[in-house]
Every structure is written in structure tokens, then in C-alpha cells.
$ cat work-v8.pdb   # PDB, C-alpha atoms
ATOM      1  CA  MET A   1      11.874  -4.528  31.791
ATOM      2  CA  ALA A   2       9.101  -5.983  33.985
ATOM      3  CA  TRP A   3       5.567  -6.351  32.645
ATOM      4  CA  THR A   4       4.253  -4.801  35.878
ATOM      5  CA  GLN A   5       5.296  -1.393  34.505
ATOM      6  CA  PHE A   6       2.101  -1.437  32.420
ATOM      7  CA  ASP A   7      -0.199  -1.790  35.451
ATOM      8  CA  LYS A   8      -0.144   1.984  36.015
ATOM      9  CA  PHE A   9      -1.933   2.806  32.763
ATOM     10  CA  LYS A  10      -5.643   3.599  32.924
ATOM     11  CA  SER A  11      -6.690   3.832  29.278
ATOM     12  CA  VAL A  12      -4.497   1.128  27.740
ATOM     13  CA  LYS A  13      -4.048  -2.506  28.804
ATOM     14  CA  VAL A  14      -0.984  -4.594  27.961
ATOM     15  CA  LYS A  15      -0.623  -8.375  28.237
ATOM     16  CA  GLN A  16       2.155 -10.766  27.329
ATOM     17  CA  GLU A  17       0.975 -13.465  24.918
ATOM     18  CA  SER A  18       3.784 -16.003  24.577
ATOM     19  CA  ARG A  19       6.385 -14.228  22.415
ATOM     20  CA  HIS A  20       4.286 -11.172  21.550
ATOM     21  CA  ALA A  21       2.313  -8.459  23.329
ATOM     22  CA  LEU A  22      -1.388  -7.628  23.218
ATOM     23  CA  VAL A  23      -2.161  -3.909  23.549
ATOM     24  CA  MET A  24      -5.827  -2.998  24.106
ATOM     25  CA  LEU A  25      -7.389   0.437  23.926
ATOM     26  CA  ALA A  26      -9.355   0.312  27.157
ATOM     27  CA  ARG A  27     -12.149   2.883  27.247
ATOM     28  CA  PRO A  28     -14.971   0.601  26.081
ATOM     29  CA  SER A  29     -17.732   2.768  27.588
ATOM     30  CA  ARG A  30     -16.561   5.573  25.275
ATOM     31  CA  SER A  31     -15.900   3.270  22.289
ATOM     32  CA  ASN A  32     -12.175   3.734  22.979
ATOM     33  CA  ALA A  33     -12.259   7.373  21.918
ATOM     34  CA  LEU A  34      -8.964   9.107  22.675
ATOM     35  CA  ASP A  35      -9.088  11.440  25.669
ATOM     36  CA  ASP A  36      -6.136  13.327  27.175
ATOM     37  CA  THR A  37      -5.112  10.278  29.212
ATOM     38  CA  MET A  38      -4.990   7.952  26.221
ATOM     39  CA  TRP A  39      -3.140  10.507  24.094
ATOM     40  CA  THR A  40      -0.482  10.535  26.845
ATOM     41  CA  GLU A  41      -0.385   6.830  27.705
ATOM     42  CA  LEU A  42      -0.392   5.276  24.241
ATOM     43  CA  PRO A  43       3.087   6.505  23.228
ATOM     44  CA  GLN A  44       4.451   5.557  26.642
ATOM     45  CA  VAL A  45       3.223   1.998  26.083
ATOM     46  CA  PHE A  46       4.798   1.649  22.646
ATOM     47  CA  GLU A  47       8.046   3.286  23.719
ATOM     48  CA  ALA A  48       8.271   0.816  26.614
ATOM     49  CA  LEU A  49       7.518  -2.159  24.322
ATOM     50  CA  ASP A  50      10.184  -0.927  21.914
ATOM     51  CA  LYS A  51      12.780  -1.386  24.666
ATOM     52  CA  MET A  52      11.703  -4.930  25.562
ATOM     53  CA  ASP A  53      13.611  -7.948  24.280
ATOM     54  CA  ASP A  54      11.229 -10.777  25.216
ATOM     55  CA  ILE A  55       8.492  -9.912  22.701
ATOM     56  CA  TYR A  56       8.853  -9.758  18.930
ATOM     57  CA  ALA A  57       5.487  -8.470  17.674
ATOM     58  CA  ILE A  58       2.439  -6.583  18.966
ATOM     59  CA  VAL A  59      -1.296  -7.073  18.427
ATOM     60  CA  LEU A  60      -3.309  -3.865  18.864
ATOM     61  CA  SER A  61      -7.050  -4.173  19.526
ATOM     62  CA  GLY A  62      -9.896  -2.309  21.172
ATOM     63  CA  GLU A  63     -11.846  -3.450  24.219
ATOM     64  CA  GLY A  64     -15.598  -3.718  23.786
ATOM     65  CA  LYS A  65     -17.741  -3.372  20.669
ATOM     66  CA  ASN A  66     -15.604  -0.799  18.834
ATOM     67  CA  PHE A  67     -11.938  -0.447  17.987
ATOM     68  CA  CYS A  68     -11.810   3.357  18.271
ATOM     69  CA  ALA A  69     -14.487   6.008  17.713
ATOM     70  CA  GLY A  70     -11.965   8.818  17.190
ATOM     71  CA  ILE A  71     -11.226  11.752  19.478
ATOM     72  CA  ASP A  72     -13.259  12.046  22.666
ATOM     73  CA  THR A  73     -15.804  14.832  22.235
ATOM     74  CA  ALA A  74     -14.910  16.428  25.573
ATOM     75  CA  SER A  75     -11.277  16.724  24.489
ATOM     76  CA  LEU A  76     -12.348  18.069  21.097
ATOM     77  CA  GLU A  77     -14.540  20.722  22.704
ATOM     78  CA  ALA A  78     -11.829  21.872  25.116
ATOM     79  CA  ASP A  79      -9.208  22.220  22.386
ATOM     80  CA  PHE A  80     -11.116  23.560  19.404
ATOM     81  CA  ILE A  81     -14.674  24.625  20.231
ATOM     82  CA  ASN A  82     -14.230  26.432  23.549
ATOM     83  CA  PRO A  83     -10.455  26.863  23.915
ATOM     84  CA  SER A  84      -8.967  28.818  26.796
ATOM     85  CA  THR A  85      -8.936  32.562  26.167
ATOM     86  CA  THR A  86      -6.566  33.415  29.007
ATOM     87  CA  ALA A  87      -3.606  34.078  26.698
ATOM     88  CA  GLN A  88      -2.998  37.803  26.236
ATOM     89  CA  CYS A  89      -0.741  37.169  23.240
ATOM     90  CA  PRO A  90      -2.334  35.555  20.131
ATOM     91  CA  ALA A  91       1.040  34.163  19.057
ATOM     92  CA  ARG A  92       1.381  32.333  22.360
ATOM     93  CA  ALA A  93      -2.084  30.861  21.976
ATOM     94  CA  ARG A  94      -1.138  29.599  18.491
ATOM     95  CA  GLU A  95       2.126  28.189  19.822
ATOM     96  CA  ARG A  96       0.216  26.231  22.486
ATOM     97  CA  LEU A  97      -2.091  24.809  19.826
ATOM     98  CA  LEU A  98       0.874  23.907  17.634
ATOM     99  CA  HIS A  99       2.463  22.100  20.578
ATOM    100  CA  ARG A 100      -0.776  20.192  21.214
ATOM    101  CA  ILE A 101      -1.036  19.061  17.576
ATOM    102  CA  LYS A 102       2.622  17.986  17.502
ATOM    103  CA  SER A 103       2.107  16.093  20.752
ATOM    104  CA  SER A 104      -0.853  14.245  19.202
ATOM    105  CA  GLN A 105       1.262  13.426  16.160
ATOM    106  CA  HIS A 106       3.893  11.991  18.502
ATOM    107  CA  THR A 107       1.266   9.655  19.970
ATOM    108  CA  ILE A 108       0.533   8.121  16.574
ATOM    109  CA  ASN A 109       4.154   8.182  15.408
ATOM    110  CA  ALA A 110       5.163   6.120  18.463
ATOM    111  CA  ILE A 111       3.268   3.155  17.003
ATOM    112  CA  GLU A 112       5.204   3.334  13.743
ATOM    113  CA  LEU A 113       8.521   4.042  15.464
ATOM    114  CA  CYS A 114       8.256   0.960  17.685
ATOM    115  CA  ARG A 115      10.754  -1.504  16.243
ATOM    116  CA  TRP A 116       8.442  -4.501  16.613
ATOM    117  CA  PRO A 117       5.753  -5.070  13.936
ATOM    118  CA  VAL A 118       2.304  -3.908  15.061
ATOM    119  CA  ILE A 119      -0.784  -5.822  13.893
ATOM    120  CA  ALA A 120      -4.081  -3.928  14.108
ATOM    121  CA  ALA A 121      -7.140  -6.119  14.801
ATOM    122  CA  VAL A 122     -10.201  -3.965  14.091
ATOM    123  CA  GLN A 123     -13.754  -4.723  15.204
ATOM    124  CA  GLY A 124     -16.733  -2.378  15.235
ATOM    125  CA  ALA A 125     -16.127   1.277  14.446
ATOM    126  CA  CYS A 126     -12.751   2.648  13.429
ATOM    127  CA  PHE A 127     -13.356   6.363  12.871
ATOM    128  CA  GLY A 128     -11.197   9.492  12.797
ATOM    129  CA  ALA A 129      -8.204   8.984  15.077
ATOM    130  CA  GLY A 130      -8.810   5.240  14.768
ATOM    131  CA  ILE A 131      -7.731   5.518  11.124
ATOM    132  CA  ASP A 132      -4.664   7.479  12.240
ATOM    133  CA  ILE A 133      -3.809   4.603  14.567
ATOM    134  CA  ILE A 134      -4.245   1.721  12.122
ATOM    135  CA  THR A 135      -2.396   3.441   9.271
ATOM    136  CA  ALA A 136       0.618   3.667  11.610
ATOM    137  CA  CYS A 137       0.481  -0.121  12.070
ATOM    138  CA  ASP A 138       2.357  -2.587   9.873
ATOM    139  CA  ILE A 139      -0.429  -5.128   9.274
ATOM    140  CA  ARG A 140      -4.190  -4.572   9.467
ATOM    141  CA  TYR A 141      -6.989  -7.141   9.830
ATOM    142  CA  SER A 142     -10.696  -6.604  10.559
ATOM    143  CA  THR A 143     -14.028  -8.306  10.955
ATOM    144  CA  ASP A 144     -16.453  -8.296   8.025
ATOM    145  CA  ALA A 145     -18.755  -6.010  10.019
ATOM    146  CA  ALA A 146     -16.064  -3.470  10.982
ATOM    147  CA  THR A 147     -16.690   0.075   9.745
ATOM    148  CA  PHE A 148     -14.065   2.641   8.751
ATOM    149  CA  CYS A 149     -14.382   6.394   8.269
ATOM    150  CA  VAL A 150     -11.972   9.303   7.823
ATOM    151  CA  LYS A 151     -14.348  11.465   9.819
ATOM    152  CA  GLU A 152     -12.524  14.755  10.257
ATOM    153  CA  VAL A 153     -14.175  16.801   7.475
ATOM    154  CA  ASP A 154     -17.574  16.106   9.064
ATOM    155  CA  VAL A 155     -16.431  17.942  12.195
ATOM    156  CA  ALA A 156     -14.788  20.761  10.198
ATOM    157  CA  ILE A 157     -11.214  19.609  10.835
ATOM    158  CA  VAL A 158      -8.330  18.810   8.494
ATOM    159  CA  ALA A 159      -6.950  15.448   9.685
ATOM    160  CA  ASP A 160      -3.560  16.328  11.154
ATOM    161  CA  VAL A 161      -2.003  13.362  12.946
ATOM    162  CA  GLY A 162      -1.148  10.968  10.127
ATOM    163  CA  THR A 163      -4.082   9.742   8.035
ATOM    164  CA  LEU A 164      -3.581  12.165   5.131
ATOM    165  CA  GLN A 165       0.113  11.290   5.033
ATOM    166  CA  ARG A 166      -0.068   7.490   5.428
ATOM    167  CA  LEU A 167      -3.403   6.471   3.890
ATOM    168  CA  PRO A 168      -2.461   7.376   0.272
ATOM    169  CA  THR A 169       0.551   5.044   0.419
ATOM    170  CA  ILE A 170      -1.728   2.204   1.573
ATOM    171  CA  VAL A 171      -4.795   2.551  -0.669
ATOM    172  CA  GLY A 172      -3.571   4.960  -3.353
ATOM    173  CA  GLN A 173      -4.025   8.703  -3.763
ATOM    174  CA  GLY A 174      -7.413   8.540  -5.508
ATOM    175  CA  VAL A 175      -9.075   6.269  -2.952
ATOM    176  CA  ALA A 176      -7.534   8.202  -0.051
ATOM    177  CA  SER A 177      -8.844  11.460  -1.500
ATOM    178  CA  GLU A 178     -12.358  10.088  -1.898
ATOM    179  CA  LEU A 179     -12.482   8.673   1.622
ATOM    180  CA  SER A 180     -10.962  11.785   3.221
ATOM    181  CA  LEU A 181     -13.096  14.338   1.369
ATOM    182  CA  THR A 182     -16.441  12.531   1.638
ATOM    183  CA  ALA A 183     -16.063  10.888   5.077
ATOM    184  CA  ARG A 184     -17.814   7.903   3.514
ATOM    185  CA  VAL A 185     -18.231   4.899   5.816
ATOM    186  CA  ILE A 186     -16.912   1.612   4.428
ATOM    187  CA  LYS A 187     -17.176  -1.923   5.791
ATOM    188  CA  GLY A 188     -14.616  -4.658   6.181
ATOM    189  CA  GLU A 189     -14.864  -6.271   2.750
ATOM    190  CA  GLU A 190     -14.538  -2.974   0.894
ATOM    191  CA  ALA A 191     -11.610  -2.063   3.129
ATOM    192  CA  ARG A 192      -9.997  -5.370   2.120
ATOM    193  CA  GLN A 193     -10.617  -4.791  -1.571
ATOM    194  CA  MET A 194      -8.906  -1.386  -1.452
ATOM    195  CA  GLY A 195      -5.999  -2.683   0.644
ATOM    196  CA  LEU A 196      -6.718  -0.871   3.897
ATOM    197  CA  VAL A 197      -6.884  -4.285   5.575
ATOM    198  CA  THR A 198      -5.393  -7.466   4.142
ATOM    199  CA  GLN A 199      -7.907  -9.979   5.509
ATOM    200  CA  CYS A 200     -11.430  -9.945   6.977
ATOM    201  CA  PHE A 201     -12.966 -12.429   9.404
ATOM    202  CA  ALA A 202     -16.486 -13.447  10.323
ATOM    203  CA  ASP A 203     -16.249 -12.391  13.960
ATOM    204  CA  GLU A 204     -13.933 -10.941  16.584
ATOM    205  CA  THR A 205     -12.861 -14.349  17.877
ATOM    206  CA  ALA A 206     -11.606 -15.464  14.474
ATOM    207  CA  LEU A 207      -9.998 -12.046  13.956
ATOM    208  CA  LEU A 208      -8.002 -12.146  17.176
ATOM    209  CA  GLN A 209      -7.022 -15.786  16.702
ATOM    210  CA  HIS A 210      -5.519 -14.957  13.324
ATOM    211  CA  ALA A 211      -3.817 -11.813  14.616
ATOM    212  CA  HIS A 212      -2.197 -13.767  17.449
ATOM    213  CA  ARG A 213      -1.123 -16.569  15.086
ATOM    214  CA  THR A 214       0.469 -14.008  12.781
ATOM    215  CA  ALA A 215       2.280 -12.389  15.704
ATOM    216  CA  GLU A 216       3.693 -15.763  16.750
ATOM    217  CA  LEU A 217       4.696 -16.463  13.144
ATOM    218  CA  LEU A 218       6.711 -13.230  13.149
ATOM    219  CA  ALA A 219       8.140 -14.016  16.577
ATOM    220  CA  ALA A 220       9.603 -17.275  15.269
ATOM    221  CA  LYS A 221      11.713 -15.475  12.672
ATOM    222  CA  SER A 222      15.048 -13.704  13.036
ATOM    223  CA  PRO A 223      14.408 -10.556  15.105
ATOM    224  CA  LEU A 224      17.222  -8.829  13.222
ATOM    225  CA  ALA A 225      15.482  -9.563   9.919
ATOM    226  CA  ILE A 226      12.023  -8.544  11.213
ATOM    227  CA  VAL A 227      13.201  -5.254  12.731
ATOM    228  CA  GLY A 228      15.332  -4.455   9.686
ATOM    229  CA  THR A 229      12.553  -5.227   7.215
ATOM    230  CA  LYS A 230      10.171  -2.879   9.050
ATOM    231  CA  ARG A 231      12.748  -0.089   9.016
ATOM    232  CA  VAL A 232      13.542  -0.543   5.326
ATOM    233  CA  LEU A 233       9.847  -0.642   4.347
ATOM    234  CA  ILE A 234       9.129   2.618   6.175
ATOM    235  CA  HIS A 235      12.210   4.273   4.679
ATOM    236  CA  ALA A 236      11.193   3.122   1.186
ATOM    237  CA  ARG A 237       7.717   4.604   1.612
ATOM    238  CA  ASP A 238       9.147   8.053   2.258
ATOM    239  CA  HIS A 239      12.072   8.056  -0.235
ATOM    240  CA  SER A 240      12.858   7.386  -3.882
ATOM    241  CA  VAL A 241      13.738   3.910  -5.131
ATOM    242  CA  SER A 242      17.342   5.008  -5.637
ATOM    243  CA  ASP A 243      17.645   6.418  -2.101
ATOM    244  CA  SER A 244      15.959   3.331  -0.647
ATOM    245  CA  LEU A 245      18.332   0.959  -2.445
ATOM    246  CA  ASP A 246      21.293   2.913  -1.088
ATOM    247  CA  TYR A 247      19.753   2.738   2.398
ATOM    248  CA  VAL A 248      19.197  -1.030   2.345
ATOM    249  CA  ALA A 249      22.659  -1.613   0.865
ATOM    250  CA  ALA A 250      24.242   0.319   3.729
ATOM    251  CA  TYR A 251      21.932  -1.373   6.246
ATOM    252  CA  ASN A 252      22.727  -4.897   5.097
ATOM    253  CA  SER A 253      26.446  -4.226   4.762
ATOM    254  CA  ALA A 254      26.372  -3.501   8.493
ATOM    255  CA  MET A 255      23.844  -6.132   9.625
ATOM    256  CA  LEU A 256      24.235  -9.165   7.352
ATOM    257  CA  PRO A 257      27.214 -10.753   9.115
ATOM    258  CA  SER A 258      25.042 -12.106  11.944
ATOM    259  CA  LYS A 259      24.641 -15.178  14.104
ATOM    260  CA  ASP A 260      21.039 -15.377  12.874
ATOM    261  CA  ILE A 261      22.181 -16.294   9.363
ATOM    262  CA  GLN A 262      24.538 -18.883  10.836
ATOM    263  CA  GLU A 263      21.660 -20.303  12.911
ATOM    264  CA  VAL A 264      19.354 -20.567   9.884
ATOM    265  CA  PHE A 265      22.035 -22.384   7.910
ATOM    266  CA  SER A 266      22.804 -24.713  10.795
ATOM    267  CA  ALA A 267      19.145 -25.433  11.617
ATOM    268  CA  VAL A 268      17.557 -25.661   8.188
ATOM    269  CA  VAL A 269      20.355 -26.781   5.901
ATOM    270  CA  LYS A 270      22.237 -29.068   8.260
ATOM    271  CA  GLY A 271      20.036 -29.910  11.228
ATOM    272  CA  ARG A 272      16.553 -30.029   9.636
ATOM    273  CA  ARG A 273      15.107 -28.260  12.665
ATOM    274  CA  GLN A 274      13.447 -24.934  13.421
ATOM    275  CA  PRO A 275      16.017 -22.168  14.005
ATOM    276  CA  ARG A 276      16.286 -20.655  17.466
ATOM    277  CA  PHE A 277      17.286 -17.015  17.707
ATOM    278  CA  SER A 278      18.683 -15.120  20.690
ATOM    279  CA  LYS A 279      17.191 -11.905  22.061
ATOM    280  CA  LEU A 280      18.178  -8.554  20.644
TER     281      LEU A 280
END
$ encode --input "work-v8.pdb" --output "C-alpha cells"
Amino acid sequence: MAWTQFDKFKSVKVKQESRHALVMLARPSRSNALDDTMWTELPQVFEALDKMDDIYAIVLSGEGKNFCAGIDTASLEADFINPSTTAQCPARARERLLHRIKSSQHTINAIELCRWPVIAAVQGACFGAGIDIITACDIRYSTDAATFCVKEVDVAIVADVGTLQRLPTIVGQGVASELSLTARVIKGEEARQMGLVTQCFADETALLQHAHRTAELLAAKSPLAIVGTKRVLIHARDHSVSDSLDYVAAYNSAMLPSKDIQEVFSAVVKGRRQPRFSKL
């Protein structure tokens, strides 16, 4: 699929970077807060990237000073503070709200469901929906000065698009509870110590350089192995050890006889060269 398909998007920018893609939240004047347009466009971007066979990883960043300040206040007001009262049937009004919440969940889920690994590169503020976004990513890096906050309780909302489900598996139940109930702001180094991010960097330049290097490192490996490892990790998170072992046994019994294994053997064992893998 042509890269020009991404030119139509207004709130998200997409660029090809060698063998990986760079996705940028692109509302810098609003600190990349999610408005209705971004809620709609973000899943379309990741669903399109999922179908592409000339990239093998994705770096996700935010344009401007902040990664993502959460939900745009105008969108929040329209949905929850001054919602439409035109519905004559209360059940229909609740059904519309349910549909809106499920649609928002789909936006975040699309990041996780994309087969290619997604690397979050966080600078500035990452609040509210920003946490939803990065917890759906596979790898997370930040600057030392980046700030993180599960903000929802401060605006009288129960976080409902992924943070309360994914964060405990990343930082542990106790830490996730403390962050979610207090809305305490943490900085990059503390986020690293608790495992929310794996590395911190002095500035945005160093952060993005490392994120792009990591993406290219992934892109050099067997795409079958990379895609399969992501799927098995996500399955293991949501299932018992026994179920997960059955899943990976079935997965590998179907996928292990591959030309990628033959290429690794030929390149590394016999040829003493870097393996070269074909597209999926």
C-alpha cells in the first residue's frame, strides 16, 4: 500500500524511516490532546500500517513539547459535562454513550493489535489518554524530564480505555493502584524504576535516536519471529501459564518450518553474514 494514503490525516503524521515507520501525534498547539478527529484517525493509521509489508516496526511520538496531554477538553465537555439531551429514551442515551466508550477503546486497542512492534518515545507530558496509548505499546522510552500521570480521577472519571487493564501488568498491581487512585505525577527516572519505561534519555534528540535504532534492530530480525513473539507475549499476559504454553506450542508447530530459519542457518552458521529475510 502506498505511503501517500497517510497524507489525508489531519491529526496524525506518518513517515517511512528506512525499514520502520514514524507515527507522530500532530496537534502540538493542544499538546496532542485527543479530539474527535484523532480518536478516529489513530486506529485507521495503525490498521493501515498493520497491512503493510515494507515496514517491520513503528516509533510513536508526539509533535511539539508534549507527547499527549490526554483528552481534549472540548471533547470531554461535549460527551460528559454537557451531553446532548435530545434523546427521549434514557436507554438510547446510555447506548450511545456505551458505543462512544467502546469506540474509544477500539482506538487504543488498534495500537496493540497492530502486528508490528510499537515503540513509544515520550517527551514532555503524558497524561490521561497518553497513558492509555503508551501502555498499549510494546516498548516505552522517555526523556528524563518527561512527566506521567493517570489523570482521570482528578476529572471525576474512571479510566475506561485501557490504563486500568494494562498498567498493572507493566508496573504491578500495587504501583498501578497508587498511581491511578492518587493521580500523582511522576518523572522519567521514577517511571524507569517502576518499569513503565525501560530507558530514559537526557533530551528528545537522544530519545528519538535510540527509538529509531531499536526499530531498525527489530527490522533486521525475522519478521515471522517478531510478529509471533508479540502475539505470544500479549496472549501470555491475558492467560494462565498453562494456557499460554499450549498456545505457543500450537503456534510454533504451525510456524516453525519456515524459510527464515533456513536463512539464519545459511547466513550465520555457513555464510558468516547477516541474514536477509523476505517480506511477509
$ residues_around --input "work-v8.pdb" --residues "region 194-210 of chain A" --least-positions-apart "6" --cutoff "8 Å" --atoms "all atoms listed in the file" --output "MDAnalysis selection string"
chainID A and resid 121 123 139:145 170:171 175 188
$ resolve_selection --input "work-v8.pdb" --expression "the PyMOL selection byres ((chain A and resi 230) around 12)" --output "CSV table (one decimal) with C-alpha atoms, keeping the file's coordinate frame"
chain,number,residue,atom,x,y,z
A,57,ALA,CA,5.5,-8.5,17.7
A,112,GLU,CA,5.2,3.3,13.7
A,113,LEU,CA,8.5,4.0,15.5
A,114,CYS,CA,8.3,1.0,17.7
A,115,ARG,CA,10.8,-1.5,16.2
A,116,TRP,CA,8.4,-4.5,16.6
A,117,PRO,CA,5.8,-5.1,13.9
A,118,VAL,CA,2.3,-3.9,15.1
A,136,ALA,CA,0.6,3.7,11.6
A,137,CYS,CA,0.5,-0.1,12.1
A,138,ASP,CA,2.4,-2.6,9.9
A,139,ILE,CA,-0.4,-5.1,9.3
A,218,LEU,CA,6.7,-13.2,13.1
A,223,PRO,CA,14.4,-10.6,15.1
A,224,LEU,CA,17.2,-8.8,13.2
A,225,ALA,CA,15.5,-9.6,9.9
A,226,ILE,CA,12.0,-8.5,11.2
A,227,VAL,CA,13.2,-5.3,12.7
A,228,GLY,CA,15.3,-4.5,9.7
A,229,THR,CA,12.6,-5.2,7.2
A,231,ARG,CA,12.7,-0.1,9.0
A,232,VAL,CA,13.5,-0.5,5.3
A,233,LEU,CA,9.8,-0.6,4.3
A,234,ILE,CA,9.1,2.6,6.2
A,235,HIS,CA,12.2,4.3,4.7
A,236,ALA,CA,11.2,3.1,1.2
A,237,ARG,CA,7.7,4.6,1.6
A,248,VAL,CA,19.2,-1.0,2.3
$ closest_residue --input "work-v8.pdb" --among "A:Asp260, A:Asp35, A:Glu63, A:Asp54" --to "Val122 (chain A)" --atoms "only C-alpha atoms"
A:Glu63
$ atom_distance --input "work-v8.pdb" --atom1 "CA of Lys279 (chain A)" --atom2 "CA of His212 (chain A)"
20.0 Å
$ resolve_selection --input "work-v8.pdb" --expression "the PyMOL selection byres ((chain A and resi 14-26) around 7)" --output "list in words"
Phe6, Ser11, Val12, Lys13, Arg27, Pro28, Asn32, Asp54, Ile55, Tyr56, Ala57, Ile58, Val59, Leu60, Ser61, Gly62, Glu63, Ala215, Glu216 and Ala219 of chain A
$ atom_distance --input "work-v8.pdb" --atom1 "CA of Gly130 (chain A)" --atom2 "CA of Ser75 (chain A)"
15.2 Å
$ resolve_selection --input "work-v8.pdb" --expression "the PyMOL selection byres ((chain A and resi 72) around 8)" --output "list in words"
Arg30, Ala33, Leu34, Asp35, Ala69, Gly70, Ile71, Thr73, Ala74, Ser75 and Leu76 of chain A
$ closest_residue --input "work-v8.pdb" --among "A:Thr107, A:Ser258, A:Asn252, A:Gln173" --to "Met38 (chain A)" --atoms "all atoms listed in the file"
A:Thr107
$ atom_distance --input "work-v8.pdb" --atom1 "CA of Thr37 (chain A)" --atom2 "CA of Ser180 (chain A)"
26.7 Å
$ build_atoms --input "work-v8.pdb" --residues "region 57-73 of chain A" --atoms "N, CA and C atoms" --output "PDB file, in the frame of the given file"
ATOM      1  N   ALA A  57       6.579  -9.026  18.467  1.00  0.00           N
ATOM      2  CA  ALA A  57       5.487  -8.470  17.674  1.00  0.00           C
ATOM      3  C   ALA A  57       4.422  -7.983  18.649  1.00  0.00           C
ATOM      4  N   ILE A  58       3.487  -7.178  18.131  1.00  0.00           N
ATOM      5  CA  ILE A  58       2.439  -6.583  18.966  1.00  0.00           C
ATOM      6  C   ILE A  58       1.110  -6.675  18.235  1.00  0.00           C
ATOM      7  N   VAL A  59       0.078  -7.132  18.932  1.00  0.00           N
ATOM      8  CA  VAL A  59      -1.296  -7.073  18.427  1.00  0.00           C
ATOM      9  C   VAL A  59      -1.983  -5.911  19.116  1.00  0.00           C
ATOM     10  N   LEU A  60      -2.605  -5.039  18.331  1.00  0.00           N
ATOM     11  CA  LEU A  60      -3.309  -3.865  18.864  1.00  0.00           C
ATOM     12  C   LEU A  60      -4.793  -4.018  18.593  1.00  0.00           C
ATOM     13  N   SER A  61      -5.606  -4.006  19.662  1.00  0.00           N
ATOM     14  CA  SER A  61      -7.050  -4.173  19.526  1.00  0.00           C
ATOM     15  C   SER A  61      -7.770  -3.172  20.420  1.00  0.00           C
ATOM     16  N   GLY A  62      -9.090  -3.178  20.333  1.00  0.00           N
ATOM     17  CA  GLY A  62      -9.896  -2.309  21.172  1.00  0.00           C
ATOM     18  C   GLY A  62     -10.840  -3.123  22.038  1.00  0.00           C
ATOM     19  N   GLU A  63     -10.941  -2.754  23.302  1.00  0.00           N
ATOM     20  CA  GLU A  63     -11.846  -3.450  24.219  1.00  0.00           C
ATOM     21  C   GLU A  63     -13.293  -3.061  23.920  1.00  0.00           C
ATOM     22  N   GLY A  64     -14.195  -4.030  23.996  1.00  0.00           N
ATOM     23  CA  GLY A  64     -15.598  -3.718  23.786  1.00  0.00           C
ATOM     24  C   GLY A  64     -16.041  -3.874  22.344  1.00  0.00           C
ATOM     25  N   LYS A  65     -17.127  -3.193  21.981  1.00  0.00           N
ATOM     26  CA  LYS A  65     -17.741  -3.372  20.669  1.00  0.00           C
ATOM     27  C   LYS A  65     -16.978  -2.666  19.549  1.00  0.00           C
ATOM     28  N   ASN A  66     -16.235  -1.613  19.863  1.00  0.00           N
ATOM     29  CA  ASN A  66     -15.604  -0.799  18.834  1.00  0.00           C
ATOM     30  C   ASN A  66     -14.099  -0.701  19.035  1.00  0.00           C
ATOM     31  N   PHE A  67     -13.390  -0.604  17.923  1.00  0.00           N
ATOM     32  CA  PHE A  67     -11.938  -0.447  17.987  1.00  0.00           C
ATOM     33  C   PHE A  67     -11.579   0.940  18.505  1.00  0.00           C
ATOM     34  N   CYS A  68     -12.074   1.980  17.834  1.00  0.00           N
ATOM     35  CA  CYS A  68     -11.810   3.357  18.271  1.00  0.00           C
ATOM     36  C   CYS A  68     -12.750   4.299  17.540  1.00  0.00           C
ATOM     37  N   ALA A  69     -13.498   5.093  18.292  1.00  0.00           N
ATOM     38  CA  ALA A  69     -14.487   6.008  17.713  1.00  0.00           C
ATOM     39  C   ALA A  69     -13.911   7.369  17.375  1.00  0.00           C
ATOM     40  N   GLY A  70     -12.590   7.543  17.526  1.00  0.00           N
ATOM     41  CA  GLY A  70     -11.965   8.818  17.190  1.00  0.00           C
ATOM     42  C   GLY A  70     -11.516   9.580  18.423  1.00  0.00           C
ATOM     43  N   ILE A  71     -11.599  10.900  18.348  1.00  0.00           N
ATOM     44  CA  ILE A  71     -11.226  11.752  19.478  1.00  0.00           C
ATOM     45  C   ILE A  71     -12.423  11.926  20.400  1.00  0.00           C
ATOM     46  N   ASP A  72     -12.192  11.836  21.692  1.00  0.00           N
ATOM     47  CA  ASP A  72     -13.259  12.046  22.666  1.00  0.00           C
ATOM     48  C   ASP A  72     -13.839  13.451  22.502  1.00  0.00           C
ATOM     49  N   THR A  73     -15.153  13.541  22.503  1.00  0.00           N
ATOM     50  CA  THR A  73     -15.804  14.832  22.235  1.00  0.00           C
ATOM     51  C   THR A  73     -15.468  15.884  23.286  1.00  0.00           C
TER      52      THR A  73
END
